[in-house]
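**Q** mmCIF, C-alpha atoms, file structure_30.cif:
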```cif
data_data
#
loop_
_atom_site.group_PDB
_atom_site.id
_atom_site.type_symbol
_atom_site.label_atom_id
_atom_site.label_comp_id
_atom_site.auth_asym_id
_atom_site.auth_seq_id
_atom_site.Cartn_x
_atom_site.Cartn_y
_atom_site.Cartn_z
ATOM 1 C CA MET P 1 15.525 11.866 1.246
ATOM 2 C CA ALA P 2 11.770 11.361 1.029
ATOM 3 C CA LYS P 3 10.592 8.173 -0.691
ATOM 4 C CA LEU P 4 7.536 6.896 -2.506
ATOM 5 C CA ARG P 5 6.655 3.652 -0.724
ATOM 6 C CA VAL P 6 4.194 0.819 -1.257
ATOM 7 C CA CYS P 7 3.552 -0.778 2.132
ATOM 8 C CA SER P 8 1.665 -3.853 3.313
ATOM 9 C CA PHE P 9 0.270 -4.529 -0.145
ATOM 10 C CA SER P 10 -1.265 -8.009 -0.085
ATOM 11 C CA VAL P 11 -1.081 -10.345 -3.061
ATOM 12 C CA SER P 12 -2.103 -13.955 -3.586
ATOM 13 C CA LEU P 13 0.266 -16.807 -4.373
ATOM 14 C CA ASP P 14 -0.749 -16.429 -8.014
ATOM 15 C CA GLY P 15 0.000 -12.700 -8.010
ATOM 16 C CA TYR P 16 -3.404 -11.039 -7.661
ATOM 17 C CA GLY P 17 -3.738 -7.883 -5.587
ATOM 18 C CA ALA P 18 -7.537 -7.754 -5.858
ATOM 19 C CA GLY P 19 -10.262 -10.213 -6.700
ATOM 20 C CA PRO P 20 -12.600 -9.972 -9.702
ATOM 21 C CA ASP P 21 -15.911 -8.103 -9.909
ATOM 22 C CA GLN P 22 -15.202 -5.183 -7.572
ATOM 23 C CA ASP P 23 -18.305 -3.230 -6.581
ATOM 24 C CA LEU P 24 -19.957 -1.600 -3.573
ATOM 25 C CA GLN P 25 -20.604 -4.991 -1.954
ATOM 26 C CA ASN P 26 -17.145 -6.333 -2.859
ATOM 27 C CA PRO P 27 -14.698 -3.394 -2.659
ATOM 28 C CA LEU P 28 -11.719 -5.789 -2.693
ATOM 29 C CA GLY P 29 -13.255 -8.000 -5.369
ATOM 30 C CA VAL P 30 -14.716 -11.469 -4.888
ATOM 31 C CA GLY P 31 -12.336 -13.355 -2.602
ATOM 32 C CA GLY P 32 -10.231 -10.247 -2.039
ATOM 33 C CA PRO P 33 -10.609 -10.019 1.762
ATOM 34 C CA ALA P 34 -8.750 -13.327 2.133
ATOM 35 C CA LEU P 35 -5.599 -11.577 0.911
ATOM 36 C CA HIS P 36 -5.607 -9.370 3.994
ATOM 37 C CA GLY P 37 -6.190 -11.985 6.692
ATOM 38 C CA TRP P 38 -2.646 -11.487 7.991
ATOM 39 C CA PHE P 39 -3.283 -7.748 8.430
ATOM 40 C CA PHE P 40 -6.742 -7.972 9.983
ATOM 41 C CA GLN P 41 -5.284 -9.917 12.942
ATOM 42 C CA THR P 42 -2.584 -7.379 13.812
ATOM 43 C CA ARG P 43 -2.538 -4.911 16.645
ATOM 44 C CA THR P 44 -1.863 -2.157 14.083
ATOM 45 C CA PHE P 45 -5.138 -2.883 12.261
ATOM 46 C CA HIS P 46 -7.104 -2.945 15.520
ATOM 47 C CA GLN P 47 -5.645 0.411 16.537
ATOM 48 C CA PHE P 48 -7.083 1.980 13.392
ATOM 49 C CA HIS P 49 -10.266 -0.123 13.303
ATOM 50 C CA PRO P 50 -11.213 -1.077 16.868
ATOM 51 C CA VAL P 51 -13.940 -3.703 16.992
ATOM 52 C CA GLU P 52 -16.153 -3.817 20.075
ATOM 53 C CA GLY P 53 -15.925 -7.126 21.906
ATOM 54 C CA GLU P 54 -12.750 -8.246 20.136
ATOM 55 C CA PRO P 55 -9.221 -8.230 21.595
ATOM 56 C CA GLY P 56 -6.759 -5.603 20.472
ATOM 57 C CA GLY P 57 -4.964 -7.687 17.863
ATOM 58 C CA VAL P 58 -1.711 -9.611 18.018
ATOM 59 C CA THR P 59 1.928 -8.600 17.778
ATOM 60 C CA GLY P 60 4.699 -10.422 15.931
ATOM 61 C CA VAL P 61 6.277 -10.357 12.496
ATOM 62 C CA ASP P 62 3.100 -9.442 10.617
ATOM 63 C CA ASP P 63 2.281 -6.621 13.019
ATOM 64 C CA GLY P 64 5.838 -5.327 12.760
ATOM 65 C CA PHE P 65 5.521 -4.935 9.005
ATOM 66 C CA ALA P 66 2.054 -3.396 9.325
ATOM 67 C CA ALA P 67 3.337 -0.823 11.825
ATOM 68 C CA ARG P 68 6.352 0.051 9.665
ATOM 69 C CA GLY P 69 3.984 0.985 6.871
ATOM 70 C CA PHE P 70 2.682 3.951 8.871
ATOM 71 C CA GLU P 71 6.069 5.258 10.005
ATOM 72 C CA ASN P 72 7.331 8.570 8.575
ATOM 73 C CA VAL P 73 4.356 8.948 6.192
ATOM 74 C CA GLY P 74 3.385 12.531 5.430
ATOM 75 C CA ALA P 75 0.917 11.969 2.568
ATOM 76 C CA TRP P 76 -0.794 9.205 0.586
ATOM 77 C CA ILE P 77 -1.647 8.632 -3.079
ATOM 78 C CA LEU P 78 -4.674 6.514 -4.022
ATOM 79 C CA GLY P 79 -6.257 5.438 -7.264
ATOM 80 C CA ARG P 80 -9.884 6.358 -7.672
ATOM 81 C CA ASN P 81 -11.074 2.788 -7.071
ATOM 82 C CA MET P 82 -9.395 2.880 -3.660
ATOM 83 C CA PHE P 83 -11.473 5.934 -2.807
ATOM 84 C CA GLY P 84 -14.811 4.497 -3.845
ATOM 85 C CA PRO P 85 -16.969 2.589 -6.337
ATOM 86 C CA VAL P 86 -18.236 5.649 -8.246
ATOM 87 C CA ARG P 87 -17.253 5.636 -11.934
ATOM 88 C CA GLY P 88 -17.316 8.488 -14.436
ATOM 89 C CA PRO P 89 -18.223 12.062 -13.461
ATOM 90 C CA TRP P 90 -19.045 12.594 -9.785
ATOM 91 C CA PRO P 91 -22.865 12.616 -9.562
ATOM 92 C CA ASP P 92 -22.765 14.659 -6.345
ATOM 93 C CA ALA P 93 -20.611 15.225 -3.264
ATOM 94 C CA ALA P 94 -22.220 12.477 -1.193
ATOM 95 C CA TRP P 95 -19.477 9.840 -1.467
ATOM 96 C CA LYS P 96 -16.555 10.621 0.865
ATOM 97 C CA GLY P 97 -14.688 7.320 0.891
ATOM 98 C CA TRP P 98 -15.046 3.834 2.341
ATOM 99 C CA TRP P 99 -13.992 4.752 5.877
ATOM 100 C CA GLY P 100 -16.682 6.943 7.418
ATOM 101 C CA ASP P 101 -16.083 10.381 8.922
ATOM 102 C CA THR P 102 -12.612 9.564 10.295
ATOM 103 C CA PRO P 103 -10.436 7.829 7.682
ATOM 104 C CA PRO P 104 -7.264 6.058 8.889
ATOM 105 C CA TYR P 105 -4.819 8.327 7.026
ATOM 106 C CA HIS P 106 -4.591 11.471 9.226
ATOM 107 C CA VAL P 107 -2.540 13.259 6.530
ATOM 108 C CA PRO P 108 -3.307 14.693 3.071
ATOM 109 C CA VAL P 109 -4.445 12.073 0.518
ATOM 110 C CA PHE P 110 -4.198 12.626 -3.241
ATOM 111 C CA VAL P 111 -6.734 10.702 -5.318
ATOM 112 C CA LEU P 112 -6.057 10.109 -9.013
ATOM 113 C CA THR P 113 -9.109 10.747 -11.164
ATOM 114 C CA HIS P 114 -10.166 12.035 -14.589
ATOM 115 C CA HIS P 115 -12.935 14.134 -13.068
ATOM 116 C CA ALA P 116 -12.311 17.248 -10.982
ATOM 117 C CA ARG P 117 -13.749 17.608 -7.504
ATOM 118 C CA GLU P 118 -13.241 20.026 -4.618
ATOM 119 C CA PRO P 119 -11.091 18.804 -1.700
ATOM 120 C CA ILE P 120 -12.882 17.042 1.160
ATOM 121 C CA GLU P 121 -11.721 17.752 4.708
ATOM 122 C CA MET P 122 -12.464 14.870 7.081
ATOM 123 C CA ASN P 123 -12.102 14.324 10.815
ATOM 124 C CA GLY P 124 -8.715 13.335 12.183
ATOM 125 C CA GLY P 125 -6.507 15.320 9.823
ATOM 126 C CA THR P 126 -7.329 13.637 6.517
ATOM 127 C CA THR P 127 -8.068 15.840 3.508
ATOM 128 C CA PHE P 128 -8.795 14.229 0.143
ATOM 129 C CA HIS P 129 -7.426 16.136 -2.863
ATOM 130 C CA PHE P 130 -8.448 15.084 -6.368
ATOM 131 C CA VAL P 131 -5.733 15.167 -9.034
ATOM 132 C CA THR P 132 -6.702 15.166 -12.713
ATOM 133 C CA ASP P 133 -3.319 15.758 -14.382
ATOM 134 C CA GLY P 134 -1.609 12.399 -13.910
ATOM 135 C CA ILE P 135 0.667 10.395 -11.654
ATOM 136 C CA GLY P 136 3.595 12.820 -11.865
ATOM 137 C CA ALA P 137 1.506 15.754 -10.711
ATOM 138 C CA ALA P 138 0.014 13.692 -7.882
ATOM 139 C CA LEU P 139 3.481 12.665 -6.702
ATOM 140 C CA GLU P 140 4.774 16.231 -6.822
ATOM 141 C CA ARG P 141 1.837 17.539 -4.826
ATOM 142 C CA ALA P 142 2.047 14.692 -2.316
ATOM 143 C CA MET P 143 5.778 15.213 -1.779
ATOM 144 C CA ASP P 144 5.184 18.923 -1.182
ATOM 145 C CA ALA P 145 2.414 18.157 1.307
ATOM 146 C CA ALA P 146 4.503 15.501 3.091
ATOM 147 C CA GLY P 147 7.020 18.131 4.169
ATOM 148 C CA GLY P 148 10.088 15.917 3.923
ATOM 149 C CA ASN P 149 8.392 12.726 5.089
ATOM 150 C CA ASP P 150 7.638 9.793 2.804
ATOM 151 C CA VAL P 151 4.610 9.378 0.557
ATOM 152 C CA ARG P 152 2.737 6.086 0.773
ATOM 153 C CA LEU P 153 1.199 4.726 -2.417
ATOM 154 C CA GLY P 154 -1.905 2.876 -1.302
ATOM 155 C CA GLY P 155 -3.038 1.314 -4.575
ATOM 156 C CA GLY P 156 -4.979 -0.149 -6.138
ATOM 157 C CA VAL P 157 -3.247 -2.530 -8.493
ATOM 158 C CA ALA P 158 -3.545 -0.402 -11.641
ATOM 159 C CA THR P 159 -2.179 2.664 -9.856
ATOM 160 C CA ILE P 160 0.841 0.828 -8.448
ATOM 161 C CA ARG P 161 1.558 -0.608 -11.899
ATOM 162 C CA GLN P 162 1.590 2.896 -13.392
ATOM 163 C CA TYR P 163 4.115 4.123 -10.849
ATOM 164 C CA LEU P 164 6.265 0.991 -11.204
ATOM 165 C CA ARG P 165 6.364 1.298 -15.003
ATOM 166 C CA ALA P 166 7.609 4.854 -14.556
ATOM 167 C CA ALA P 167 10.192 3.603 -11.994
ATOM 168 C CA LEU P 168 8.878 6.145 -9.481
ATOM 169 C CA VAL P 169 8.404 3.700 -6.587
ATOM 170 C CA ASP P 170 11.447 3.710 -4.293
ATOM 171 C CA GLU P 171 10.496 0.663 -2.238
ATOM 172 C CA MET P 172 7.637 -1.814 -2.164
ATOM 173 C CA HIS P 173 6.609 -4.199 0.601
ATOM 174 C CA LEU P 174 4.511 -7.106 -0.658
ATOM 175 C CA ALA P 175 2.749 -9.461 1.759
ATOM 176 C CA VAL P 176 2.154 -12.751 -0.056
ATOM 177 C CA SER P 177 -0.832 -14.542 1.465
ATOM 178 C CA PRO P 178 -1.330 -18.320 1.178
ATOM 179 C CA VAL P 179 -4.360 -17.835 -1.051
ATOM 180 C CA LEU P 180 -5.100 -18.650 -4.711
ATOM 181 C CA LEU P 181 -7.592 -16.354 -6.450
ATOM 182 C CA GLY P 182 -7.339 -17.603 -10.042
ATOM 183 C CA ARG P 183 -8.450 -14.288 -11.505
ATOM 184 C CA GLY P 184 -8.689 -10.624 -10.644
ATOM 185 C CA GLU P 185 -6.076 -7.865 -10.944
ATOM 186 C CA ASN P 186 -2.538 -9.213 -11.238
ATOM 187 C CA LEU P 187 0.067 -6.856 -9.822
ATOM 188 C CA LEU P 188 3.222 -7.804 -11.717
ATOM 189 C CA GLU P 189 1.991 -9.618 -14.831
ATOM 190 C CA GLY P 190 4.063 -8.636 -17.875
ATOM 191 C CA MET P 191 6.305 -6.337 -15.835
ATOM 192 C CA ASN P 192 10.102 -6.699 -15.896
ATOM 193 C CA LEU P 193 11.125 -5.342 -12.497
ATOM 194 C CA PRO P 194 14.878 -6.022 -12.872
ATOM 195 C CA ALA P 195 14.891 -4.066 -16.142
ATOM 196 C CA LEU P 196 13.166 -1.207 -14.312
ATOM 197 C CA GLY P 197 15.957 -1.220 -11.727
ATOM 198 C CA TYR P 198 14.368 -3.154 -8.853
ATOM 199 C CA SER P 199 15.729 -5.920 -6.655
ATOM 200 C CA CYS P 200 14.333 -8.001 -3.790
ATOM 201 C CA THR P 201 16.318 -7.094 -0.676
ATOM 202 C CA GLU P 202 14.469 -8.859 2.133
ATOM 203 C CA ARG P 203 12.284 -11.916 2.658
ATOM 204 C CA VAL P 204 10.658 -12.648 6.018
ATOM 205 C CA ALA P 205 8.180 -15.381 6.935
ATOM 206 C CA GLY P 206 5.398 -14.007 9.111
ATOM 207 C CA GLU P 207 2.525 -15.673 10.933
ATOM 208 C CA GLY P 208 -0.025 -15.196 8.137
ATOM 209 C CA ALA P 209 1.988 -14.035 5.124
ATOM 210 C CA THR P 210 5.494 -13.973 3.709
ATOM 211 C CA HIS P 211 6.904 -10.476 3.386
ATOM 212 C CA TYR P 212 9.108 -9.261 0.535
ATOM 213 C CA LEU P 213 10.842 -5.898 0.325
ATOM 214 C CA ILE P 214 11.675 -4.671 -3.177
ATOM 215 C CA LYS P 215 13.860 -1.604 -3.641
ATOM 216 C CA LYS P 216 15.129 0.485 -6.496
ATOM 217 C CA ARG P 217 18.845 -0.087 -7.054
ATOM 218 C CA THR P 218 21.274 2.800 -7.097
ATOM 219 C CA GLU P 219 24.055 3.073 -9.677
ATOM 220 C CA TYR P 220 26.588 2.190 -6.975
ATOM 221 C CA GLU P 221 24.654 -0.923 -5.993
ATOM 222 C CA GLU P 222 24.298 -1.922 -9.643
ATOM 223 C CA SER P 223 28.065 -1.625 -10.143
ATOM 224 C CA PHE P 224 29.009 -3.801 -7.190
ATOM 225 C CA GLY P 225 26.164 -6.305 -7.361
ATOM 226 C CA LEU P 226 24.674 -5.325 -4.020
ATOM 227 C CA LEU P 227 21.057 -5.718 -2.866
ATOM 228 C CA LYS P 228 21.023 -9.473 -3.399
ATOM 229 C CA ASP P 229 17.936 -11.325 -2.220
ATOM 230 C CA ARG P 230 18.303 -12.769 1.271
ATOM 231 C CA GLY P 231 15.981 -14.586 3.584
ATOM 232 C CA VAL P 232 15.375 -13.702 7.226
ATOM 233 C CA ASP P 233 13.462 -15.982 9.554
ATOM 234 C CA GLY P 234 10.780 -14.614 11.859
ATOM 235 C CA ALA P 235 12.848 -14.893 15.065
ATOM 236 C CA GLU P 236 15.750 -12.961 13.512
ATOM 237 C CA TYR P 237 13.385 -10.296 12.246
ATOM 238 C CA GLN P 238 11.737 -9.803 15.646
ATOM 239 C CA GLU P 239 15.124 -9.540 17.357
ATOM 240 C CA ARG P 240 16.261 -6.946 14.860
ATOM 241 C CA GLU P 241 13.040 -4.947 15.337
ATOM 242 C CA ARG P 242 13.548 -4.966 19.110
ATOM 243 C CA ASN P 243 17.050 -3.607 18.606
ATOM 244 C CA ARG P 244 15.690 -0.861 16.339
ATOM 245 C CA GLY P 245 13.402 0.332 19.132
#
```
Any chance you could give the structure as structure tokens?

**A**
Amino acid sequence: MAKLRVCSFSVSLDGYGAGPDQDLQNPLGVGGPALHGWFFQTRTFHQFHPVEGEPGGVTGVDDGFAARGFENVGAWILGRNMFGPVRGPWPDAAWKGWWGDTPPYHVPVFVLTHHAREPIEMNGGTTFHFVTDGIGAALERAMDAAGGNDVRLGGGVATIRQYLRAALVDEMHLAVSPVLLGRGENLLEGMNLPALGYSCTERVAGEGATHYLIKKRTEYEESFGLLKDRGVDGAEYQERERNRG
């Protein structure tokens, strides 16, 4: 069954998924890039964003989680801030995202917004669709477009919080970076995940971040107390990933 997944979403030790004062010069907020240091070093990142003169990234626990985030994904959902810094009505059709002519998605992407806009077809298979009638409509359209594959919820923080409050997220991978931001957008502040039916099922220490997998419990799992939190060290995780392949 297709799932709505949050993958490789970086947060600070104090819970922030983005820094303060986001703008064109600071799309991740002030201090925000430090949250993603673990990801920027991976082979997966370098495959999507090759940098001339730099090696092709490293493998390991962090790269394993980064790669898993792109498996079996047939569509994405993004909040408007993840698409760009433009606020209010679209002034024109000039802004087409942060990523240039070939975005890293390669599947349909559904952008939540209050202001209608025609779809934008990009190189590499990405088409941006703009959804004005809420998170439920965006999810329905994304699931239809995904054709039986999963839908990845890319963020930002406010968008993920909306889907979590509605208990629509099936699983969420958080990468906790060893960074303190102090302020910004806090992902889980004031949110009671157990009451919404979620449990932490996996904890793995990576090279640059600690990875947590949070899943929605089923009625069967609730009844028998399954999906208890458990830790997995990096060596065990890598061995298990090798066996998966």

**Q** Applied to this file, what does the PyMOL selection byres ((chain P and resi 37-47) around 8) return in terms of residues, put as JSON, numbers by chain?

**A** {"P": [33, 34, 35, 36, 48, 49, 50, 51, 56, 57, 58, 59, 62, 63, 66, 67, 177, 207, 208, 209]}

**Q** Could you please give me, as a list in words, the residues of protein, DNA or RNA lying at most 10 Å from (-4.2, 12.4, 4.8) in the coordinate frame of the file, considering all atoms listed in the file?

**A**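 Residues with an atom at most 10 Å from (-4.2, 12.4, 4.8): Val73, Gly74, Ala75, Trp76, Ile77, Pro103, Pro104, Tyr105, His106, Val107, Pro108, Val109, Phe110, Glu121, Met122, Gly124, Gly125, Thr126, Thr127, Phe128, His129, Ala142, Ala145 and Ala146 of chain P.
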
**Q** Which residues are near Leu78 of chain P? Cut-off 6 Å, all atoms listed in the file, ignore same chain within fewer than 5 positions. Put them as a list in words.

**A**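 My list of contacting residues is Val111, Gly154 and Gly155 of chain P.
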
**Q** What does the structure give for the distance between atom CA of Arg161 of chain P and atom CA of Val61 of chain P, in Å to one decimal?

**A**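 The value is 26.7 Å.
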
**Q** For each of P:Phe9, P:Tyr16, P:Phe65, P:Tyr163, take the minimum atom-to-atom distance to Ala205 of chain P, counting only C-alpha atoms, then give the residue where this is smallest.

**A**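 Answer, going by the shortest atom-to-atom distance: P:Phe65.
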